[in-house]
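Structure file structure26.cif with mmCIF, C-alpha atoms:
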```
data_target
#
loop_
_atom_site.label_atom_id
_atom_site.label_comp_id
_atom_site.auth_asym_id
_atom_site.auth_seq_id
_atom_site.Cartn_x
_atom_site.Cartn_y
_atom_site.Cartn_z
CA MET A 503 79.84 101.11 81.93
CA LYS A 504 81.78 102.09 85.06
CA LYS A 505 84.93 102.51 82.99
CA GLU A 506 83.05 104.75 80.56
CA THR A 507 81.66 106.85 83.44
CA ALA A 508 85.11 107.19 85.03
CA ARG A 509 86.56 108.33 81.70
CA THR A 510 83.80 110.89 81.25
CA VAL A 511 84.26 112.26 84.78
CA ARG A 512 88.07 112.46 84.33
CA ALA A 513 87.70 114.23 80.97
CA PHE A 514 85.19 116.63 82.49
CA ALA A 515 87.57 117.44 85.38
CA ILE A 516 90.39 118.20 82.94
CA GLU A 517 88.09 120.37 80.83
CA LEU A 518 86.91 122.21 83.93
CA ALA A 519 90.50 122.88 85.09
CA ILE A 520 91.55 124.30 81.70
CA TYR A 521 88.33 126.23 81.44
CA THR A 522 88.79 127.74 84.93
CA VAL A 523 92.25 129.07 84.00
CA LEU A 524 90.82 130.63 80.83
CA VAL A 525 87.91 132.18 82.71
CA VAL A 526 90.12 133.67 85.45
CA ALA A 527 92.31 135.24 82.75
CA TYR A 528 89.13 136.50 81.10
CA PHE A 529 87.91 138.13 84.37
CA PHE A 530 91.11 140.08 84.86
CA LEU A 531 91.86 141.04 81.28
CA VAL A 532 88.56 141.66 79.49
CA LEU A 533 86.31 142.80 82.35
CA ASN A 534 88.91 145.16 83.83
CA LEU A 535 89.59 146.66 80.42
CA MET A 536 85.93 147.01 79.46
CA GLY A 537 84.42 147.84 82.86
CA GLN A 538 84.98 151.59 82.84
CA TRP A 539 84.02 151.95 79.18
CA LEU A 540 80.74 150.10 79.72
CA TYR A 541 80.07 152.11 82.89
CA ARG A 542 80.43 155.43 81.01
CA LEU A 543 78.36 154.08 78.12
CA GLU A 544 75.59 153.07 80.52
CA LEU A 545 75.53 156.56 82.01
CA GLN A 546 75.67 158.52 78.75
CA HIS A 547 74.24 156.43 75.89
CA ARG A 548 71.59 154.04 77.21
CA TYR A 549 70.25 152.82 73.84
CA PHE A 550 73.75 152.12 72.55
CA TYR A 551 74.63 150.43 75.86
CA ALA A 552 71.55 148.16 75.62
CA ALA A 553 72.51 147.12 72.08
CA VAL A 554 76.16 146.56 73.06
CA ALA A 555 75.01 144.48 76.07
CA ILE A 556 73.09 142.06 73.83
CA PHE A 557 75.96 141.91 71.33
CA LEU A 558 78.47 141.16 74.12
CA ILE A 559 76.43 138.44 75.83
CA ILE A 560 75.67 136.65 72.54
CA GLY A 561 79.26 137.05 71.33
CA GLN A 562 80.63 135.68 74.60
CA ALA A 563 78.19 132.76 74.53
CA VAL A 564 79.23 131.77 71.00
CA LEU A 565 82.91 132.08 71.97
CA LEU A 566 82.52 130.04 75.17
CA GLU A 567 80.52 127.35 73.39
CA ALA A 568 83.25 127.11 70.76
CA ILE A 569 85.97 126.90 73.45
CA THR A 570 84.19 124.22 75.48
CA THR A 571 83.41 122.19 72.34
CA PHE A 572 87.05 122.50 71.27
CA LEU A 573 88.21 121.35 74.71
CA ILE A 574 85.86 118.37 74.63
CA ARG A 575 87.16 117.33 71.21
CA LEU A 576 90.76 117.91 72.20
CA ILE A 577 90.57 115.84 75.38
CA ARG A 578 88.27 113.05 74.20
CA GLY A 579 89.45 112.96 70.59
CA ARG A 580 85.88 112.86 69.28
CA SER A 581 82.83 115.07 69.04
CA GLU A 582 80.11 114.73 71.68
CA MET P 78 84.89 142.10 92.69
CA PHE P 79 83.37 145.57 92.19
CA PHE P 80 80.80 146.01 89.44
CA PRO P 81 80.61 149.75 88.69
CA ILE P 82 77.35 149.74 86.72
CA SER P 83 75.21 148.44 89.60
CA GLY P 84 77.65 149.56 92.31
CA ALA P 85 77.67 146.06 93.84
CA HIS P 86 80.50 143.99 95.33
CA ILE P 87 79.93 140.33 94.42
CA SER P 88 82.28 137.36 94.27
CA PRO P 89 82.78 136.30 90.62
CA ILE P 90 83.03 132.68 91.78
CA TYR P 91 79.56 132.94 93.36
CA LEU P 92 78.19 134.33 90.10
CA ALA P 93 79.85 131.63 87.99
CA VAL P 94 78.56 128.88 90.30
CA VAL P 95 74.99 130.27 90.19
CA GLY P 96 75.30 130.49 86.40
CA PHE P 97 76.54 126.89 86.28
CA PHE P 98 73.55 125.45 88.16
CA VAL P 99 70.99 127.58 86.36
CA GLY P 100 72.72 126.61 83.11
CA ILE P 101 72.23 122.90 83.81
CA LEU P 102 68.52 123.47 84.50
CA GLY P 103 68.14 125.59 81.37
CA GLY P 104 69.95 123.16 79.10
CA PHE P 105 68.00 120.17 80.41
CA PHE P 106 64.50 121.61 80.88
CA GLY P 107 64.45 124.50 78.41
CA VAL P 108 63.70 127.13 81.05
CA GLY P 109 65.38 130.47 81.73
CA GLY P 110 65.82 129.69 85.43
CA SER P 111 64.97 133.20 86.59
CA PHE P 112 63.07 131.80 89.60
CA LEU P 113 66.48 130.73 90.97
CA ALA P 114 68.90 133.25 89.45
CA GLY P 115 66.78 136.27 90.43
CA PRO P 116 66.71 135.40 94.16
CA ALA P 117 70.40 134.39 94.00
CA LEU P 118 71.33 137.83 92.66
CA ARG P 119 69.17 139.47 95.34
CA LEU P 120 70.93 137.41 98.02
CA ALA P 121 74.25 138.72 96.67
CA GLY P 122 73.03 142.26 97.38
CA LEU P 123 71.91 143.40 93.95
CA ASP P 124 68.93 145.75 93.78
CA TRP P 125 65.73 144.13 92.54
CA ASN P 126 65.60 146.11 89.28
CA PHE P 127 69.19 145.12 88.47
CA ALA P 128 68.52 141.50 89.46
CA VAL P 129 65.65 141.27 86.94
CA GLY P 130 67.41 143.02 84.05
CA THR P 131 70.79 141.36 84.58
CA ASP P 132 69.18 137.94 84.90
CA LEU P 133 67.50 138.43 81.51
CA ALA P 134 70.86 139.29 79.90
CA HIS P 135 72.43 136.17 81.44
CA ILE P 136 69.50 134.07 80.19
CA VAL P 137 70.23 135.24 76.61
CA GLY P 138 73.84 134.06 76.85
CA LYS P 139 73.03 130.75 78.50
CA SER P 140 70.27 130.03 75.99
CA VAL P 141 72.60 130.72 73.05
CA VAL P 142 75.04 128.08 74.37
CA ALA P 143 72.27 125.55 75.05
CA VAL P 144 70.56 126.12 71.69
CA ARG P 145 73.79 125.60 69.75
CA ARG P 146 74.18 122.27 71.52
CA HIS P 147 70.49 121.31 71.11
CA ARG P 148 70.67 122.27 67.43
CA ALA P 149 73.55 119.84 66.95
CA LEU P 150 71.30 117.18 68.52
CA GLY P 151 68.41 118.09 66.17
CA ASN P 152 66.22 119.46 68.97
CA VAL P 153 65.40 122.94 67.61
CA ASP P 154 62.42 123.89 65.43
CA ARG P 155 63.39 127.40 64.39
CA ARG P 156 60.15 128.08 62.49
CA LEU P 157 58.09 127.34 65.59
CA GLY P 158 60.54 129.35 67.73
CA TRP P 159 60.15 132.52 65.65
CA ILE P 160 56.34 132.29 65.66
CA MET P 161 56.29 131.70 69.41
CA ALA P 162 58.61 134.64 70.04
CA VAL P 163 56.02 137.01 68.51
CA GLY P 164 53.25 135.66 70.77
CA THR P 165 55.52 135.71 73.84
CA ILE P 166 56.56 139.34 73.38
CA LEU P 167 52.93 140.44 72.88
CA GLY P 168 51.85 138.46 75.95
CA ALA P 169 54.70 139.85 78.06
CA GLU P 170 53.64 143.40 77.20
CA VAL P 171 50.02 142.69 78.21
CA GLY P 172 51.22 140.99 81.41
CA ALA P 173 53.37 144.01 82.28
CA GLN P 174 50.35 146.30 81.70
CA ALA P 175 48.26 144.10 84.02
CA ILE P 176 50.93 144.53 86.71
CA GLN P 177 50.76 148.32 86.28
CA MET P 178 46.96 148.21 86.69
CA LEU P 179 47.26 146.13 89.87
CA LYS P 180 49.93 148.51 91.17
CA ARG P 181 47.50 151.40 90.79
CA ALA P 182 44.80 149.35 92.56
CA GLY P 183 47.31 148.75 95.38
CA ASN P 184 47.07 144.95 95.69
CA VAL P 185 49.72 143.80 93.26
CA ASN P 186 51.78 141.67 95.66
CA PHE P 187 48.87 139.63 97.02
CA VAL P 188 47.24 138.96 93.64
CA VAL P 189 50.50 138.04 91.89
CA SER P 190 51.54 135.78 94.78
CA VAL P 191 48.24 133.88 94.90
CA VAL P 192 48.05 133.51 91.10
CA SER P 193 51.64 132.27 90.89
CA ILE P 194 51.13 129.69 93.68
CA VAL P 195 47.99 128.34 91.97
CA VAL P 196 49.74 128.20 88.57
CA TYR P 197 52.91 126.54 89.90
CA LEU P 198 51.01 123.91 91.92
CA SER P 199 48.64 123.16 89.02
CA ILE P 200 51.53 122.59 86.61
CA SER P 201 53.36 120.31 89.05
CA THR P 202 50.24 118.28 89.87
CA PHE P 203 49.25 117.86 86.24
CA MET P 204 52.76 116.92 85.07
CA THR P 205 53.17 114.40 87.90
CA TRP P 206 49.89 112.74 86.95
CA GLU P 207 50.58 112.76 83.21
CA SER P 208 54.21 111.62 83.24
CA ARG P 209 53.56 108.84 85.79
CA LYS P 210 50.54 107.61 83.81
CA THR P 211 52.58 107.69 80.60
CA LEU P 212 55.53 105.85 82.15
CA LEU P 213 53.23 103.14 83.54
CA SER P 214 51.41 102.64 80.22
CA PRO P 215 52.60 99.86 77.84
CA LYS P 216 54.03 102.44 75.37
CA GLY P 217 55.72 104.29 78.21
CA ARG P 218 57.31 101.07 79.49
CA SER P 219 58.72 100.26 76.05
CA GLN P 220 60.02 103.83 75.82
CA ARG P 221 61.66 103.45 79.22
CA ALA P 222 63.24 100.20 78.16
CA ALA P 223 64.63 101.86 75.01
CA GLY P 224 66.79 104.13 77.19
CA LYS P 225 69.50 106.12 75.42
CA GLY P 226 69.50 106.31 71.66
CA ALA P 227 67.21 107.25 68.82
CA ASN P 228 64.13 105.76 70.51
CA SER P 229 64.50 108.00 73.55
CA LYS P 230 63.28 110.94 71.43
CA GLU P 231 60.07 109.16 70.45
CA ASP P 232 57.45 110.73 72.63
CA HIS P 233 54.21 109.45 74.01
CA SER P 234 51.85 111.21 76.40
CA ALA P 235 48.79 110.13 78.35
CA PHE P 236 47.37 113.54 77.37
CA GLY P 237 47.82 112.63 73.66
CA PRO P 238 44.10 112.37 72.71
CA VAL P 239 43.44 115.94 73.91
CA THR P 240 46.56 117.17 72.06
CA ARG P 241 45.40 115.49 68.84
CA ALA P 242 41.94 117.09 69.22
CA ILE P 243 43.62 120.50 69.53
CA GLN P 244 45.72 119.80 66.43
CA ARG P 245 42.52 118.94 64.49
CA LEU P 246 41.12 122.46 65.02
CA ARG P 247 40.96 123.99 61.51
CA ILE P 248 41.30 127.72 62.08
CA TRP P 249 42.96 129.43 59.09
CA PRO P 250 45.90 129.83 58.53
CA MET P 251 47.15 126.28 59.02
CA ILE P 252 50.90 125.73 59.01
CA SER P 253 53.11 122.64 59.02
CA LEU P 254 56.05 122.04 61.34
CA PRO P 255 58.05 119.25 59.67
CA THR P 256 60.91 119.44 62.18
CA SER P 257 58.46 118.78 65.03
CA GLY P 258 56.59 116.13 63.03
CA ILE P 259 53.34 118.13 62.88
CA ARG P 260 51.60 118.07 59.49
CA ALA P 261 49.13 120.90 60.14
CA ILE P 262 48.29 123.12 63.09
CA SER P 263 46.55 126.46 63.34
CA LEU P 264 48.89 129.44 63.59
CA TRP P 265 46.48 130.89 66.16
CA THR P 266 46.93 127.89 68.48
CA ILE P 267 50.71 128.44 68.50
CA LEU P 268 50.34 132.18 69.02
CA LEU P 269 47.82 131.62 71.83
CA VAL P 270 50.16 129.20 73.67
CA ALA P 271 53.05 131.66 73.31
CA PHE P 272 50.84 134.60 74.30
CA VAL P 273 49.68 132.87 77.50
CA GLY P 274 53.31 131.99 78.34
CA GLY P 275 54.39 135.59 77.72
CA LEU P 276 51.40 136.90 79.71
CA PHE P 277 52.43 134.88 82.77
CA GLY P 278 56.05 135.89 82.22
CA GLY P 279 55.12 139.57 82.19
CA PHE P 280 52.72 139.12 85.10
CA LEU P 281 54.74 136.84 87.39
CA GLY P 282 58.25 137.84 86.27
CA GLY P 283 60.87 135.76 84.49
CA GLY P 284 60.62 134.00 81.18
CA ALA P 285 57.78 131.59 82.15
CA GLY P 286 59.52 128.59 80.59
CA TYR P 287 57.85 126.50 83.33
CA ILE P 288 54.54 127.22 81.57
CA ARG P 289 55.63 127.38 77.93
CA MET P 290 57.64 124.15 77.80
CA PRO P 291 54.77 121.97 79.17
CA SER P 292 52.27 123.85 76.97
CA MET P 293 54.34 123.05 73.88
CA VAL P 294 54.24 119.35 74.77
CA TYR P 295 50.61 119.04 75.91
CA VAL P 296 48.82 121.62 73.76
CA LEU P 297 50.87 121.74 70.55
CA GLY P 298 52.06 118.12 70.68
CA ILE P 299 55.76 118.92 70.26
CA PRO P 300 58.05 116.04 71.35
CA THR P 301 59.66 116.88 74.73
CA HIS P 302 63.25 117.07 73.40
CA LEU P 303 62.19 119.47 70.66
CA ALA P 304 60.08 121.49 73.10
CA VAL P 305 63.18 121.98 75.31
CA GLY P 306 65.43 123.08 72.41
CA THR P 307 62.79 125.21 70.70
CA ASP P 308 61.77 126.90 73.95
CA LEU P 309 65.40 127.89 74.49
CA PHE P 310 65.58 129.27 70.94
CA GLU P 311 62.42 131.27 71.60
CA ILE P 312 63.88 132.48 74.91
CA ILE P 313 66.90 133.97 73.07
CA ILE P 314 64.58 136.23 71.06
CA SER P 315 62.18 137.21 73.84
CA ALA P 316 64.92 137.62 76.50
CA SER P 317 66.99 139.76 74.08
CA TYR P 318 63.97 142.00 73.71
CA GLY P 319 63.62 142.12 77.51
CA THR P 320 67.35 142.82 77.95
CA PHE P 321 67.20 145.74 75.53
CA SER P 322 64.08 147.12 77.21
CA HIS P 323 65.61 146.83 80.72
CA GLY P 324 69.00 148.09 79.42
CA VAL P 325 67.42 151.31 78.21
CA LYS P 326 65.76 151.73 81.65
CA GLY P 327 69.16 151.28 83.36
CA ASN P 328 68.41 147.87 84.91
CA VAL P 329 71.17 145.76 83.31
CA ASP P 330 74.68 145.25 84.69
CA ILE P 331 76.15 143.45 81.72
CA LEU P 332 79.46 142.78 83.52
CA ILE P 333 77.65 140.62 86.09
CA ALA P 334 75.77 138.81 83.32
CA LEU P 335 79.03 138.12 81.46
CA VAL P 336 80.61 136.61 84.58
CA MET P 337 77.51 134.47 85.27
CA ASN P 338 77.59 133.29 81.69
CA THR P 339 81.08 131.79 82.08
CA GLY P 340 79.61 129.19 84.47
CA ALA P 341 76.35 128.92 82.55
CA ALA P 342 78.20 128.04 79.33
CA VAL P 343 79.47 124.80 80.91
CA GLY P 344 76.22 124.04 82.78
CA ALA P 345 74.02 124.59 79.73
CA GLN P 346 76.10 122.17 77.67
CA ILE P 347 75.92 119.50 80.39
CA GLY P 348 72.15 119.99 80.62
CA ALA P 349 71.63 119.86 76.85
CA ILE P 350 73.79 116.75 76.38
CA SER P 351 72.02 115.02 79.31
CA THR P 352 68.66 115.17 77.50
CA GLN P 353 69.97 112.44 75.15
CA TYR P 354 69.96 109.99 78.05
CA PHE P 355 66.32 110.46 79.07
CA ALA P 356 63.00 109.73 77.38
CA GLY P 357 60.38 112.50 77.15
CA PRO P 358 58.15 111.39 80.07
CA LYS P 359 61.19 111.13 82.37
CA ILE P 360 62.25 114.68 81.48
CA ARG P 361 58.69 115.82 82.20
CA LEU P 362 58.64 114.00 85.55
CA ALA P 363 62.01 115.50 86.50
CA PHE P 364 60.57 118.94 85.59
CA VAL P 365 57.94 118.70 88.37
CA PRO P 366 60.09 120.12 91.24
CA LEU P 367 60.87 123.35 89.34
CA PRO P 368 57.42 124.97 89.66
CA LEU P 369 57.25 123.63 93.25
CA ILE P 370 60.48 125.51 94.08
CA GLY P 371 58.93 128.62 92.53
CA ALA P 372 55.80 128.15 94.68
CA ALA P 373 57.92 127.59 97.83
CA ILE P 374 59.82 130.86 97.21
CA VAL P 375 56.54 132.79 96.80
CA ILE P 376 55.00 131.22 99.93
CA TYR P 377 58.17 132.05 101.88
CA THR P 378 58.05 135.70 100.79
CA MET P 379 54.33 135.89 101.70
CA ILE P 380 54.88 134.45 105.19
CA SER P 381 58.15 136.16 106.07
CA GLY P 382 57.56 139.45 104.26
CA HIS P 383 61.11 139.12 102.99
CA LYS P 384 61.36 140.16 99.34
CA PHE P 385 63.87 138.39 97.14
#
```
Encoding of this model in structure tokens:
Amino acid sequence: MKKETARTVRAFAIELAIYTVLVVAYFFLVLNLMGQWLYRLELQHRYFYAAVAIFLIIGQAVLLEAITTFLIRLIRGRSE
Amino acid sequence: MFFPISGAHISPIYLAVVGFFVGILGGFFGVGGSFLAGPALRLAGLDWNFAVGTDLAHIVGKSVVAVRRHRALGNVDRRLGWIMAVGTILGAEVGAQAIQMLKRAGNVNFVVSVVSIVVYLSISTFMTWESRKTLLSPKGRSQRAAGKGANSKEDHSAFGPVTRAIQRLRIWPMISLPTSGIRAISLWTILLVAFVGGLFGGFLGGGAGYIRMPSMVYVLGIPTHLAVGTDLFEIIISASYGTFSHGVKGNVDILIALVMNTGAAVGAQIGAISTQYFAGPKIRLAFVPLPLIGAAIVIYTMISGHKF
């Protein structure tokens, strides 16, 4: 049981480290590129901005879930 | 990091960490977590209107992650989720209108604060009584002993006789929910539960998962694991509606929500996976502190005059 727990914690730490690198890259690349565009959209086209906001948050959630699931499978060699 | 839409300077690490913790709560209990994320965004210096709208957008993202995981575990009843979303949206609109009426009467803060404290304390007291009674009953003890595995999803509640009486109400149209193991239940009962949840959400703020999730278990008789997953599914629909509505009014900084969601994506998965290791009554007992935290925040704002 303790061995299993230690393995889970170690796998989680590795996942978190890889994930952190990906997220930092995401902050600087995607948000910096999209920030000004979204800002102008929010000022000029509110309805379009609201629709884009939902699309972005759902799209990002699906992408992040896929990445974290992939990382889990890659590191543990099995699906959770 | 500067967020141009809201004009706020907030550390992205702070946002990701807040998202992470709220994500765990959401994935495990099936709540939006606005009672924590809202004040956390206010503490970071975001205006109240942006805190509410941005929090809703973040809830959509976090719920999508948690629902995908819960769906893989067989914890989502999509049919029930769609029906509940209709009732929730209608209730939220009525709740928002009630707030406008109280605003005109000039006593909105006092009334909302008192109502929310009573509601939060009632939920906590009832759930403590029910889950403890269930865990101490012979069926509850066998469920506890089962631990992780298929048996942990089998649910038993000390409130079961009342739930079964509610399910026996024959008010047309009757529908079946095979995923939740319910042969027949009145559509109106489901809509009423969702409406009341939405009403409190619109009235007290947030998604009111702290009311809807227990109501799904005690009133509709949905097993706790399915109530958590289905409530999250329902939250995606109703929070998307709220995000659009607040987005049009200029209350959503989607960049902040996207950053929060990076932490929430991990937290929500941890929370969702963790439900496998607990039986229904234990999840319900662990739920008890959430409304108490909500009540403590309201009491603090009433005493100190400080608005989150």
Skip Tyr549 of chain A itself and residues of its chain fewer than 5 positions away, then list as number ranges by chain all residues within 10 Å of it, counting only C-alpha atoms. A: 543-544, 554-555; P: 321-322, 324-327
Have a look at P:Ser140, P:Gln174, P:Ser190, P:Ser199 and name the one nearest to chain A; count all atoms listed in the file.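 With all atoms listed in the file as the atom set, the closest residue is P:Ser140.
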Mind running chain A against chain P at 6 Å and telling me each contacting residue's nearest atom pair with the distance in Å (one decimal), counting only C-alpha atoms, chain and number ascending, as a Markdown table?
```
| residue | atom | partner | partner_atom | distance |
| --- | --- | --- | --- | --- |
| A:Tyr541 | CA | P:Ile82 | CA | 5.3 |
| A:Arg548 | CA | P:Val325 | CA | 5.1 |
| A:Tyr549 | CA | P:Val325 | CA | 5.4 |
| A:Ala552 | CA | P:Gly324 | CA | 4.6 |
| A:Ala555 | CA | P:Ile331 | CA | 5.9 |
| A:Ile559 | CA | P:Gly138 | CA | 5.2 |
| A:Ile560 | CA | P:Gly138 | CA | 5.4 |
| A:Ala563 | CA | P:Gly138 | CA | 5.1 |
| A:Glu567 | CA | P:Val142 | CA | 5.6 |
```
Write the selection just made, keeping C-alpha atoms, as a CSV table (one decimal), in the frame of the given file?
```
chain,number,residue,atom,x,y,z
A,541,TYR,CA,80.1,152.1,82.9
A,548,ARG,CA,71.6,154.0,77.2
A,549,TYR,CA,70.2,152.8,73.8
A,552,ALA,CA,71.6,148.2,75.6
A,555,ALA,CA,75.0,144.5,76.1
A,559,ILE,CA,76.4,138.4,75.8
A,560,ILE,CA,75.7,136.6,72.5
A,563,ALA,CA,78.2,132.8,74.5
A,567,GLU,CA,80.5,127.4,73.4
```
Interatomic distance, atom CA of Gly151 of chain P to atom CA of Leu303 of chain P (Å, one decimal):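 Atom CA of Gly151 of chain P sits 7.8 Å away from atom CA of Leu303 of chain P.
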Test item: axis-aligned box, all listed atoms of segment 503-521 of chain A, 8 Å on each side, centre and edges in Å rounded to one decimal, as lines of an AutoDock Vina configuration file:
```
center_x = 85.7
center_y = 113.7
center_z = 83.0
size_x = 27.7
size_y = 41.1
size_z = 20.8
```
Residues within 12 Å of segment 506-520 of chain A, all atoms listed in the file, excluding chain neighbours under 6 positions, as a list in words: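 Here the answer would be Val526, Ala527, Ile569, Thr570, Thr571, Phe572, Leu573, Ile574, Arg575, Leu576, Ile577, Arg578, Gly579, Arg580 and Glu582 of chain A; Phe97, Thr339, Gly340, Ala342, Val343, Gly344, Gln346 and Ile347 of chain P.
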What is the atom CA of Thr165 of chain P-atom CA of Ala242 of chain P distance in Å, reported with one decimal? 23.5 Å
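Atom CA of Thr307 of chain P is positioned 17.9 Å from atom CA of Trp265 of chain P.
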